[in-house]
>>> print(open('work.csv').read())   # CSV, C-alpha atoms and all ligand atoms
chain,number,residue,atom,x,y,z
A,2,MET,CA,-10.9,-13.0,-13.6
A,3,THR,CA,-8.0,-10.7,-14.2
A,4,GLN,CA,-6.8,-9.4,-17.6
A,5,ASP,CA,-4.1,-12.0,-17.6
A,6,ASP,CA,-6.6,-14.9,-17.1
A,7,ALA,CA,-8.5,-13.6,-20.2
A,8,GLY,CA,-5.1,-14.0,-21.9
A,9,PRO,CA,-3.8,-11.5,-24.3
A,10,GLY,CA,-1.2,-14.2,-25.3
A,11,VAL,CA,2.5,-13.7,-25.7
A,12,HIS,CA,3.4,-10.5,-27.5
A,13,ARG,CA,5.9,-7.7,-27.7
A,14,ARG,CA,5.4,-4.0,-26.9
A,15,PHE,CA,7.4,-1.0,-28.1
A,16,ASP,CA,8.8,1.6,-25.8
A,17,PRO,CA,8.9,4.9,-27.9
A,18,LEU,CA,10.9,6.7,-25.2
A,19,GLN,CA,13.8,4.2,-25.3
A,20,GLY,CA,13.2,2.9,-28.8
A,21,GLU,CA,13.2,-0.7,-27.5
A,22,TRP,CA,10.8,-3.7,-27.6
A,23,ILE,CA,9.7,-5.7,-24.5
A,24,LEU,CA,8.5,-9.3,-24.5
A,25,VAL,CA,5.2,-9.8,-22.5
A,26,SER,CA,4.4,-13.4,-21.3
A,27,PRO,CA,1.3,-13.0,-19.1
A,28,HIS,CA,0.8,-16.7,-18.4
A,29,ARG,CA,4.2,-17.1,-16.9
A,30,ASP,CA,3.3,-15.5,-13.5
A,31,ARG,CA,2.0,-18.9,-12.3
A,32,ARG,CA,5.3,-20.8,-12.6
A,33,PRO,CA,6.6,-22.4,-9.4
A,34,TRP,CA,9.2,-20.5,-7.5
A,35,GLN,CA,12.0,-22.2,-5.5
A,36,GLY,CA,14.5,-19.4,-6.0
A,37,GLN,CA,15.6,-16.5,-3.8
A,38,VAL,CA,13.2,-15.2,-1.2
A,39,GLU,CA,13.8,-11.6,0.0
A,40,ALA,CA,14.4,-11.1,3.7
A,41,PRO,CA,11.5,-9.3,5.5
A,42,GLU,CA,12.1,-5.7,6.5
A,43,SER,CA,12.6,-4.8,10.1
A,44,GLU,CA,11.1,-2.0,12.0
A,45,TRP,CA,13.5,0.9,12.5
A,46,PRO,CA,13.8,3.4,15.4
A,47,GLU,CA,12.9,7.1,14.9
A,48,HIS,CA,16.6,7.9,15.5
A,49,ASP,CA,19.5,5.5,15.0
A,50,PRO,CA,22.7,6.5,16.8
A,51,ASP,CA,24.7,4.5,14.3
A,52,CYS,CA,23.1,6.0,11.2
A,53,HIS,CA,25.4,8.3,9.1
A,54,LEU,CA,22.3,10.3,7.9
A,55,CYS,CA,20.4,11.0,11.2
A,56,PRO,CA,20.5,14.6,12.5
A,57,GLY,CA,23.4,15.3,14.9
A,58,ASN,CA,25.2,12.1,14.0
A,59,LEU,CA,28.7,11.6,12.6
A,60,ARG,CA,29.1,10.7,8.9
A,61,ALA,CA,31.5,8.0,7.6
A,62,ASN,CA,34.2,10.6,6.9
A,63,GLY,CA,33.9,12.2,10.4
A,64,ALA,CA,31.8,15.3,9.5
A,65,ARG,CA,28.8,15.9,11.8
A,66,ASN,CA,25.3,16.4,10.5
A,67,PRO,CA,23.4,19.5,11.8
A,68,ASP,CA,20.3,19.0,13.9
A,69,TYR,CA,18.2,19.4,10.7
A,70,THR,CA,14.4,19.4,11.0
A,71,GLY,CA,13.2,19.3,7.3
A,72,VAL,CA,15.3,18.2,4.3
A,73,PHE,CA,19.1,18.1,4.5
A,74,VAL,CA,21.3,18.3,1.4
A,75,PHE,CA,25.1,17.7,1.6
A,76,ASP,CA,27.9,17.0,-0.8
A,77,ASN,CA,28.4,13.2,-1.1
A,78,ASP,CA,31.5,12.1,0.9
A,79,PHE,CA,32.2,9.3,-1.6
A,80,PRO,CA,31.2,10.9,-4.9
A,81,ALA,CA,31.1,8.9,-8.1
A,82,LEU,CA,31.9,12.1,-10.1
A,83,LEU,CA,34.6,14.7,-9.3
A,84,ASP,CA,34.7,18.4,-10.1
A,85,ALA,CA,38.1,18.1,-11.6
A,86,ALA,CA,38.9,15.9,-14.7
A,87,SER,CA,42.0,13.7,-14.4
A,88,ILE,CA,42.7,12.3,-17.8
A,89,GLY,CA,42.3,13.6,-21.3
A,90,SER,CA,40.4,11.9,-24.2
A,91,THR,CA,42.0,8.9,-25.6
A,92,GLY,CA,41.5,6.9,-28.8
A,93,ASP,CA,39.2,7.4,-31.7
A,94,GLY,CA,38.5,3.9,-32.8
A,95,LEU,CA,38.0,0.7,-30.8
A,96,PHE,CA,39.2,1.9,-27.4
A,97,GLN,CA,37.7,5.4,-26.8
A,98,SER,CA,37.5,7.2,-23.5
A,99,GLU,CA,36.8,10.7,-22.5
A,100,PRO,CA,37.2,12.7,-19.2
A,101,THR,CA,34.0,13.3,-17.3
A,102,ARG,CA,33.4,15.8,-14.5
A,103,GLY,CA,30.5,16.2,-12.1
A,104,HIS,CA,29.2,16.8,-8.6
A,105,CYS,CA,27.3,14.4,-6.3
A,106,ARG,CA,24.9,15.3,-3.5
A,107,VAL,CA,22.9,13.4,-0.9
A,108,LEU,CA,19.3,14.6,-0.1
A,109,CYS,CA,18.0,13.4,3.3
A,110,TYR,CA,14.2,13.5,3.0
A,111,ALA,CA,13.4,13.9,6.7
A,112,PRO,CA,15.1,13.8,10.1
A,113,GLN,CA,13.2,10.6,11.2
A,114,HIS,CA,15.1,7.5,10.5
A,115,ASP,CA,11.9,5.4,10.1
A,116,GLN,CA,10.2,7.5,7.5
A,117,SER,CA,9.8,7.1,3.7
A,118,LEU,CA,8.0,8.7,0.8
A,119,ALA,CA,5.1,6.3,1.6
A,120,ARG,CA,4.7,7.6,5.1
A,121,LEU,CA,5.6,11.3,5.1
A,122,ALA,CA,2.8,13.8,5.2
A,123,ASP,CA,2.1,16.1,2.2
A,124,PRO,CA,3.9,19.2,3.6
A,125,ASP,CA,7.0,17.1,4.2
A,126,LEU,CA,6.8,15.7,0.6
A,127,ALA,CA,6.4,19.3,-0.6
A,128,ARG,CA,9.8,20.1,0.9
A,129,ILE,CA,11.3,17.2,-1.0
A,130,VAL,CA,9.8,18.4,-4.3
A,131,ALA,CA,11.1,21.9,-3.5
A,132,ALA,CA,14.6,20.4,-2.9
A,133,TRP,CA,14.6,18.6,-6.2
A,134,GLN,CA,13.5,21.8,-7.9
A,135,ARG,CA,16.2,23.9,-6.2
A,136,GLU,CA,19.0,21.4,-6.9
A,137,SER,CA,17.9,20.9,-10.5
A,138,ILE,CA,17.9,24.6,-11.2
A,139,ASP,CA,21.2,25.4,-9.2
A,140,LEU,CA,23.3,22.4,-10.4
A,141,GLY,CA,21.7,22.8,-13.9
A,142,ARG,CA,23.4,26.2,-14.2
A,143,ASP,CA,26.8,24.5,-14.2
A,144,TRP,CA,26.2,21.0,-15.4
A,145,ARG,CA,24.7,19.5,-18.5
A,146,TRP,CA,22.5,16.9,-16.7
A,147,VAL,CA,21.2,16.6,-13.2
A,148,GLN,CA,20.0,13.2,-12.1
A,149,CYS,CA,17.8,13.1,-9.0
A,150,PHE,CA,17.1,9.5,-7.8
A,151,GLU,CA,16.5,7.2,-4.9
A,152,ASN,CA,17.3,3.6,-4.3
A,153,ARG,CA,15.0,2.2,-1.6
A,154,GLY,CA,15.6,-1.1,0.2
A,155,ALA,CA,18.6,-3.4,0.6
A,156,SER,CA,17.5,-5.4,-2.4
A,157,MET,CA,18.0,-2.3,-4.6
A,158,GLY,CA,21.4,-1.6,-3.2
A,159,CYS,CA,20.4,1.1,-0.8
A,160,SER,CA,23.0,1.6,1.8
A,161,SER,CA,20.8,2.9,4.7
A,162,PRO,CA,17.1,2.7,5.7
A,163,HIS,CA,17.2,6.5,6.5
A,164,PRO,CA,14.9,8.2,3.9
A,165,HIS,CA,17.2,9.7,1.4
A,166,GLY,CA,18.0,10.1,-2.3
A,167,GLN,CA,20.9,11.2,-4.4
A,168,ILE,CA,21.7,13.9,-6.9
A,169,TRP,CA,24.4,13.4,-9.5
A,170,ALA,CA,25.2,16.3,-11.9
A,171,LEU,CA,27.6,15.9,-14.8
A,172,ASP,CA,29.0,17.5,-17.9
A,173,VAL,CA,27.7,15.0,-20.4
A,174,LEU,CA,24.3,13.6,-21.3
A,175,PRO,CA,24.3,10.0,-19.9
A,176,THR,CA,23.5,7.2,-22.4
A,177,LEU,CA,19.8,6.7,-21.5
A,178,ILE,CA,19.2,10.4,-21.4
A,179,ARG,CA,20.7,10.8,-24.9
A,180,ARG,CA,18.5,8.0,-26.2
A,181,GLU,CA,15.3,9.5,-24.6
A,182,TRP,CA,16.3,12.9,-26.1
A,183,GLU,CA,16.7,11.5,-29.6
A,184,GLN,CA,13.4,9.7,-29.4
A,185,GLN,CA,11.6,12.7,-28.1
A,186,GLN,CA,13.2,15.0,-30.7
A,187,ALA,CA,12.2,12.7,-33.5
A,188,TYR,CA,8.6,12.5,-32.3
A,189,LEU,CA,8.4,16.3,-32.0
A,190,ASP,CA,9.8,16.7,-35.5
A,191,ASP,CA,7.2,14.3,-36.9
A,192,HIS,CA,4.1,15.2,-34.9
A,193,GLY,CA,4.7,18.8,-33.7
A,194,LYS,CA,4.0,17.8,-30.0
A,195,PRO,CA,6.1,16.4,-27.2
A,196,LEU,CA,6.1,12.6,-27.1
A,197,LEU,CA,5.3,12.3,-23.4
A,198,LEU,CA,2.4,14.9,-23.7
A,199,ALA,CA,0.9,12.7,-26.4
A,200,VAL,CA,1.4,9.6,-24.2
A,201,ALA,CA,-0.2,11.4,-21.2
A,202,GLU,CA,-3.3,12.3,-23.3
A,203,ALA,CA,-3.6,8.8,-24.8
A,204,GLU,CA,-3.2,7.1,-21.4
A,205,ALA,CA,-5.7,9.4,-19.8
A,206,ALA,CA,-8.2,8.7,-22.6
A,207,ALA,CA,-7.6,4.9,-22.4
A,208,GLY,CA,-7.7,4.9,-18.5
A,209,ILE,CA,-6.8,1.2,-18.2
A,210,ARG,CA,-3.2,1.7,-17.1
A,211,VAL,CA,-3.9,4.8,-15.0
A,212,VAL,CA,-3.0,4.4,-11.3
A,213,ILE,CA,-3.6,8.0,-10.2
A,214,GLU,CA,-4.7,11.2,-11.9
A,215,ASP,CA,-5.5,14.7,-10.9
A,216,ARG,CA,-5.7,18.0,-12.8
A,217,ASP,CA,-1.9,18.3,-13.1
A,218,TRP,CA,-0.5,14.8,-13.0
A,219,LEU,CA,-0.9,11.3,-14.4
A,220,VAL,CA,0.6,8.2,-12.9
A,221,VAL,CA,0.5,5.2,-15.2
A,222,VAL,CA,2.0,1.7,-15.6
A,223,PRO,CA,3.3,2.5,-19.0
A,224,PHE,CA,2.1,0.4,-22.0
A,225,TRP,CA,5.7,-0.7,-22.4
A,226,ALA,CA,6.7,-1.2,-18.7
A,227,ARG,CA,9.6,-3.6,-18.1
A,228,TRP,CA,9.4,-4.1,-14.4
A,229,PRO,CA,6.2,-5.8,-12.9
A,230,PHE,CA,4.8,-2.7,-11.2
A,231,GLU,CA,6.8,0.0,-13.0
A,232,THR,CA,5.2,3.4,-13.1
A,233,LEU,CA,5.7,6.7,-15.0
A,234,ILE,CA,4.7,10.1,-13.6
A,235,LEU,CA,3.7,12.6,-16.2
A,236,PRO,CA,2.6,16.2,-16.2
A,237,ARG,CA,-0.5,16.9,-18.2
A,238,ARG,CA,0.7,20.1,-19.9
A,239,PRO,CA,4.0,21.0,-21.7
A,240,CYS,CA,6.6,21.1,-18.9
A,241,PRO,CA,10.3,20.3,-19.7
A,242,GLY,CA,11.7,20.4,-16.1
A,243,PHE,CA,11.3,21.3,-12.5
A,244,ALA,CA,11.9,25.0,-13.2
A,245,TRP,CA,8.7,25.1,-15.2
A,246,LEU,CA,6.5,23.9,-12.4
A,247,SER,CA,3.9,26.3,-10.9
A,248,ASP,CA,3.4,26.3,-7.1
A,249,GLY,CA,0.1,24.5,-7.6
A,250,GLU,CA,1.7,21.8,-9.6
A,251,SER,CA,4.5,21.3,-7.0
A,252,ALA,CA,1.8,21.0,-4.3
A,253,SER,CA,-0.3,18.5,-6.2
A,254,LEU,CA,2.9,16.5,-7.1
A,255,ALA,CA,3.6,16.1,-3.4
A,256,ALA,CA,0.1,14.7,-2.8
A,257,VAL,CA,0.4,12.4,-5.9
A,258,LEU,CA,3.8,11.0,-4.7
A,259,GLY,CA,2.3,10.2,-1.3
A,260,GLU,CA,-0.6,8.4,-2.9
A,261,LEU,CA,1.7,6.4,-5.2
A,262,PHE,CA,4.2,5.2,-2.7
A,263,ARG,CA,1.5,4.3,-0.1
A,264,ALA,CA,-0.1,2.1,-2.8
A,265,TYR,CA,3.3,0.4,-3.4
A,266,ASP,CA,3.7,-0.3,0.3
A,267,ASN,CA,0.1,-1.5,0.6
A,268,LEU,CA,0.4,-3.9,-2.4
A,269,PHE,CA,2.4,-6.5,-0.5
A,270,ARG,CA,2.4,-4.9,2.9
A,271,CYS,CA,6.0,-4.1,3.1
A,272,ALA,CA,8.5,-1.3,2.6
A,273,PHE,CA,8.3,-1.7,-1.2
A,274,PRO,CA,11.8,-1.5,-2.7
A,275,TYR,CA,12.5,0.5,-5.9
A,276,SER,CA,14.8,2.7,-7.9
A,277,PHE,CA,13.0,5.9,-8.6
A,278,GLY,CA,14.2,9.1,-10.4
A,279,TRP,CA,13.4,12.2,-12.3
A,280,HIS,CA,14.2,13.0,-15.9
A,281,GLY,CA,13.8,16.7,-16.2
A,282,LEU,CA,15.6,19.5,-18.2
A,283,PRO,CA,18.0,21.0,-15.7
A,284,GLY,CA,18.6,24.7,-15.1
A,285,PRO,CA,16.3,27.8,-15.0
A,286,ALA,CA,13.1,27.9,-17.2
A,287,GLN,CA,13.5,29.2,-20.8
A,288,ASN,CA,10.8,29.9,-23.3
A,289,ALA,CA,12.2,27.9,-26.3
A,290,MET,CA,10.1,24.9,-27.4
A,291,VAL,CA,12.0,21.7,-26.5
A,292,PRO,CA,11.0,18.0,-27.0
A,293,TRP,CA,11.7,17.1,-23.4
A,294,GLN,CA,8.9,16.5,-20.9
A,295,LEU,CA,9.6,16.2,-17.2
A,296,HIS,CA,8.8,12.7,-16.0
A,297,ALA,CA,9.7,10.2,-13.2
A,298,HIS,CA,10.4,6.5,-13.7
A,299,CYS,CA,9.8,4.1,-10.8
A,300,TYR,CA,11.3,0.7,-11.2
A,301,PRO,CA,10.3,-1.7,-8.3
A,302,PRO,CA,11.6,-5.3,-8.5
A,303,LEU,CA,8.8,-7.1,-6.6
A,304,LEU,CA,6.6,-9.4,-8.6
A,305,ARG,CA,4.4,-11.8,-6.6
A,306,SER,CA,4.8,-10.9,-3.0
A,307,ALA,CA,7.1,-9.0,-0.5
A,308,SER,CA,9.5,-11.9,-0.9
A,309,VAL,CA,9.5,-12.8,-4.6
A,310,ARG,CA,11.2,-10.4,-7.0
A,311,LYS,CA,11.7,-10.2,-10.7
A,312,PHE,CA,15.3,-10.6,-11.8
A,313,MET,CA,16.5,-8.9,-15.0
A,314,VAL,CA,18.8,-11.8,-16.0
A,315,GLY,CA,19.2,-14.4,-18.8
A,316,PHE,CA,17.0,-13.4,-21.8
A,317,GLU,CA,16.7,-9.9,-20.5
A,318,LEU,CA,20.5,-9.4,-20.3
A,319,LEU,CA,21.2,-11.2,-23.5
A,320,ALA,CA,18.2,-10.4,-25.8
A,321,GLU,CA,15.5,-8.0,-24.5
A,322,SER,CA,13.4,-7.2,-21.5
A,323,GLN,CA,10.6,-9.6,-20.6
A,324,ARG,CA,7.7,-9.2,-18.2
A,325,ASP,CA,5.1,-11.7,-16.8
A,326,ILE,CA,1.9,-9.9,-15.7
A,327,THR,CA,0.5,-7.3,-18.1
A,328,PRO,CA,0.8,-3.6,-17.4
A,329,GLU,CA,-3.0,-3.4,-17.3
A,330,THR,CA,-3.2,-6.0,-14.5
A,331,ALA,CA,-0.4,-4.2,-12.6
A,332,ALA,CA,-2.3,-0.9,-12.9
A,333,GLU,CA,-5.5,-2.6,-11.7
A,334,ARG,CA,-3.7,-4.0,-8.6
A,335,LEU,CA,-2.0,-0.7,-7.8
A,336,ARG,CA,-5.3,1.2,-8.1
A,337,ALA,CA,-6.9,-1.3,-5.7
A,338,ALA,CA,-4.0,-0.8,-3.2
A,339,ARG,CA,-4.5,3.0,-2.9
A,340,GLY,CA,-5.6,4.5,0.4
A,341,PRO,CA,-4.1,5.0,3.9
A,342,HIS,CA,-0.8,3.3,4.6
A,343,TRP,CA,-1.4,-0.2,5.8
A,344,ARG,CA,0.6,0.4,9.0
A,345,GLU,CA,-1.7,3.3,9.9
A,346,ARG,CA,-5.0,1.4,9.4
A,347,THR,CA,-6.5,1.0,12.9
A,348,ASP,CA,-9.4,-1.2,11.5
A,349,ASP,CA,-7.0,-3.8,10.3
A,350,LYS,CA,-5.5,-6.4,12.6
A,351,ARG,CA,-3.4,-8.4,10.1
A,401,LIG,P1,22.6,5.0,-1.4
A,401,LIG,O1,21.9,4.5,-0.1
A,401,LIG,O2,21.6,5.0,-2.5
A,401,LIG,O3,23.8,4.2,-1.7
A,401,LIG,O4,23.0,6.5,-1.1
A,401,LIG,C1,23.8,6.9,0.0
A,401,LIG,C2,24.8,7.8,-0.4
A,401,LIG,O5,25.3,8.5,0.7
A,401,LIG,C3,26.0,7.1,-1.0
A,401,LIG,O6,26.3,7.6,-2.3
A,401,LIG,C4,26.6,8.7,0.7
A,401,LIG,C5,27.2,7.5,0.0
A,401,LIG,O7,28.4,7.8,-0.7
A,401,LIG,N1,27.1,8.8,2.1
A,401,LIG,C6,27.9,9.9,2.4
A,401,LIG,O8,28.2,10.7,1.6
A,401,LIG,N2,28.3,10.0,3.7
A,401,LIG,C7,28.1,9.1,4.7
A,401,LIG,O9,28.5,9.3,5.8
A,401,LIG,C8,27.3,7.9,4.4
A,401,LIG,C9,26.8,7.7,3.0
A,402,ZN,ZN,19.0,7.7,10.2
>>> encode(input="work.csv", output="structure tokens", more="lines below")
Ligand code: H2U
Ligand code: ZN
Amino acid sequence: MTQDDAGPGVHRRFDPLQGEWILVSPHRDRRPWQGQVEAPESEWPEHDPDCHLCPGNLRANGARNPDYTGVFVFDNDFPALLDAASIGSTGDGLFQSEPTRGHCRVLCYAPQHDQSLARLADPDLARIVAAWQRESIDLGRDWRWVQCFENRGASMGCSSPHPHGQIWALDVLPTLIRREWEQQQAYLDDHGKPLLLAVAEAEAAAGIRVVIEDRDWLVVVPFWARWPFETLILPRRPCPGFAWLSDGESASLAAVLGELFRAYDNLFRCAFPYSFGWHGLPGPAQNAMVPWQLHAHCYPPLLRSASVRKFMVGFELLAESQRDITPETAAERLRAARGPHWRERTDDKR
């Protein structure tokens, strides 16, 4: 019997990071489903001559990629943000707008077209962590916020199966970042400790929502998760951003990432789709006490199988987020899915 069978009943949970409530309806997971079924993934070749991101290939704008062997970072050919501002601020009442500048990059995780965070070895993952660290520090010298993220899978709007993420740097604090900043600042003012450090300590003590933990990191399905198998990656000491990470913490992060993304793929035996990204203070390390803690959010849409996903529609769009299985059950299932990648298990014929 799972947590949900025992039945905590319908209730709401509070997200102290976003300052929002989430409706939890555990019993609803058993409702019949005749809606959209996600297409199964295909197997990809190690090199795809038509891929814009593979080494040596032509990109969509005609530039040629180098024969890269590790990670490869380039300026986005179709950036959402531009270095130069075009219009000035307008309006101060109902119709306000302001100019925004920024810089967008693409980070190819590996030369192999058929790889992913779930299947790369720890040394390859360490190169990705180093790239996030480098880009956050470098772009953070010039820009107010640096957003590293990845969309994986066609169902999350990813444009190519080649393992890659994006980095957007801009001259303002985006809406969700500003909200997280205000929430963390208020907590620090009231309690004298960073909010997400308190959360990490409380989650580690409770244990029930922990998916992975080592000396440096904690991966939990947060108490207030919106998406079915949403996770939060947290450092276990005060650490505002990538610039503050020690070499040891970067290395253990690489191992933790591999473990987490393998568990996701194993859960429904598929290339588990998600949107994943880092919230860290950009730029070089400084000594000042700040409310911010480095953390990663992973938002995967799958709910019941590789082909049935959660849609954030209806009540979620019009009232507030709602989830079906409890975060405790989700964590239990992710813990059980840990281990070698299912495609690499020789003892398993399924
Ligand atoms: P997504 O798969 O998450 O959309 O990221 C791919 C990014 O790569 C996207 O922002 C860029 C797109 O603009 N891109 C290039 O810059 N050059 C290309 O040749 C292909 C894609
Ligand atoms: Zn490719």
>>> atom_distance(input="work.csv", atom1="CA of Glu47 (chain A)", atom2="atom N2 of ligand LIG 401 (chain A)")
19.3 Å
>>> atom_distance(input="work.csv", atom1="CA of Trp133 (chain A)", atom2="CA of Ile168 (chain A)")
8.5 Å
>>> residues_near_point(input="work.csv", point="(13.2, -2.4, -22.2)", cutoff="12 Å", atoms="only C-alpha atoms", output="PyMOL selection string")
chain A and resi 13-25+177+223-228+231+300+313+316-324
>>> write_last_selection(input="work.csv", atoms="C-alpha atoms", output="short mmCIF file (atom, residue, chain, number, x, y, z; two decimals), in the frame of the given file")
data_model
loop_
_atom_site.label_atom_id
_atom_site.label_comp_id
_atom_site.auth_asym_id
_atom_site.auth_seq_id
_atom_site.Cartn_x
_atom_site.Cartn_y
_atom_site.Cartn_z
CA ARG A 13 5.90 -7.70 -27.70
CA ARG A 14 5.40 -4.00 -26.90
CA PHE A 15 7.40 -1.00 -28.10
CA ASP A 16 8.80 1.60 -25.80
CA PRO A 17 8.90 4.90 -27.90
CA LEU A 18 10.90 6.70 -25.20
CA GLN A 19 13.80 4.20 -25.30
CA GLY A 20 13.20 2.90 -28.80
CA GLU A 21 13.20 -0.70 -27.50
CA TRP A 22 10.80 -3.70 -27.60
CA ILE A 23 9.70 -5.70 -24.50
CA LEU A 24 8.50 -9.30 -24.50
CA VAL A 25 5.20 -9.80 -22.50
CA LEU A 177 19.80 6.70 -21.50
CA PRO A 223 3.30 2.50 -19.00
CA PHE A 224 2.10 0.40 -22.00
CA TRP A 225 5.70 -0.70 -22.40
CA ALA A 226 6.70 -1.20 -18.70
CA ARG A 227 9.60 -3.60 -18.10
CA TRP A 228 9.40 -4.10 -14.40
CA GLU A 231 6.80 0.00 -13.00
CA TYR A 300 11.30 0.70 -11.20
CA MET A 313 16.50 -8.90 -15.00
CA PHE A 316 17.00 -13.40 -21.80
CA GLU A 317 16.70 -9.90 -20.50
CA LEU A 318 20.50 -9.40 -20.30
CA LEU A 319 21.20 -11.20 -23.50
CA ALA A 320 18.20 -10.40 -25.80
CA GLU A 321 15.50 -8.00 -24.50
CA SER A 322 13.40 -7.20 -21.50
CA GLN A 323 10.60 -9.60 -20.60
CA ARG A 324 7.70 -9.20 -18.20
#
>>> residues_near_point(input="work.csv", point="(-0.1, 24.8, -4.8)", cutoff="12 Å", atoms="all atoms listed in the file", output="number ranges by chain")
A: 123-124, 127, 130-131, 216-217, 246-256
>>> closest_residue(input="work.csv", among="A:Glu329, A:Glu44, A:Asp115, A:Glu99", to="ligand ZN 402 (chain A)", atoms="only C-alpha atoms and all ligand atoms")
A:Asp115
>>> residues_near_ligand(input="work.csv", ligand="ligand ZN 402 (chain A)", cutoff="12 Å", atoms="all atoms listed in the file", output="number ranges by chain")
A: 45-60, 66, 68-69, 73, 109-117, 160-165
>>> closest_atom_pairs(input="work.csv", of="chain A", to="ligand LIG 401 (chain A)", cutoff="8 Å", atoms="all atoms listed in the file", output="tab-separated table")
residue	atom	partner	partner_atom	distance
A:His53	CA	A:LIG401	O9	4.6
A:Leu54	CA	A:LIG401	C8	6.6
A:Leu59	CA	A:LIG401	O9	7.2
A:Arg60	CA	A:LIG401	O9	3.5
A:Ala61	CA	A:LIG401	O9	3.7
A:Asn62	CA	A:LIG401	O9	5.9
A:Gly63	CA	A:LIG401	O9	7.7
A:Ala64	CA	A:LIG401	O9	7.8
A:Phe75	CA	A:LIG401	O8	7.7
A:Asp76	CA	A:LIG401	O8	6.7
A:Asn77	CA	A:LIG401	O8	3.7
A:Asp78	CA	A:LIG401	O8	3.7
A:Phe79	CA	A:LIG401	O7	4.2
A:Pro80	CA	A:LIG401	O7	5.9
A:Ala81	CA	A:LIG401	O6	7.6
A:Cys105	CA	A:LIG401	O6	8.0
A:Arg106	CA	A:LIG401	O8	7.6
A:Val107	CA	A:LIG401	O5	5.7
A:Glu151	CA	A:LIG401	O2	6.1
A:Asn152	CA	A:LIG401	O2	4.9
A:Arg153	CA	A:LIG401	O2	7.2
A:Gly158	CA	A:LIG401	O3	6.5
A:Cys159	CA	A:LIG401	O1	3.8
A:Ser160	CA	A:LIG401	O1	3.6
A:Ser161	CA	A:LIG401	O1	5.2
A:Pro162	CA	A:LIG401	O1	7.7
A:His165	CA	A:LIG401	O4	7.1
A:Gly166	CA	A:LIG401	O2	6.2
A:Gln167	CA	A:LIG401	O4	6.1
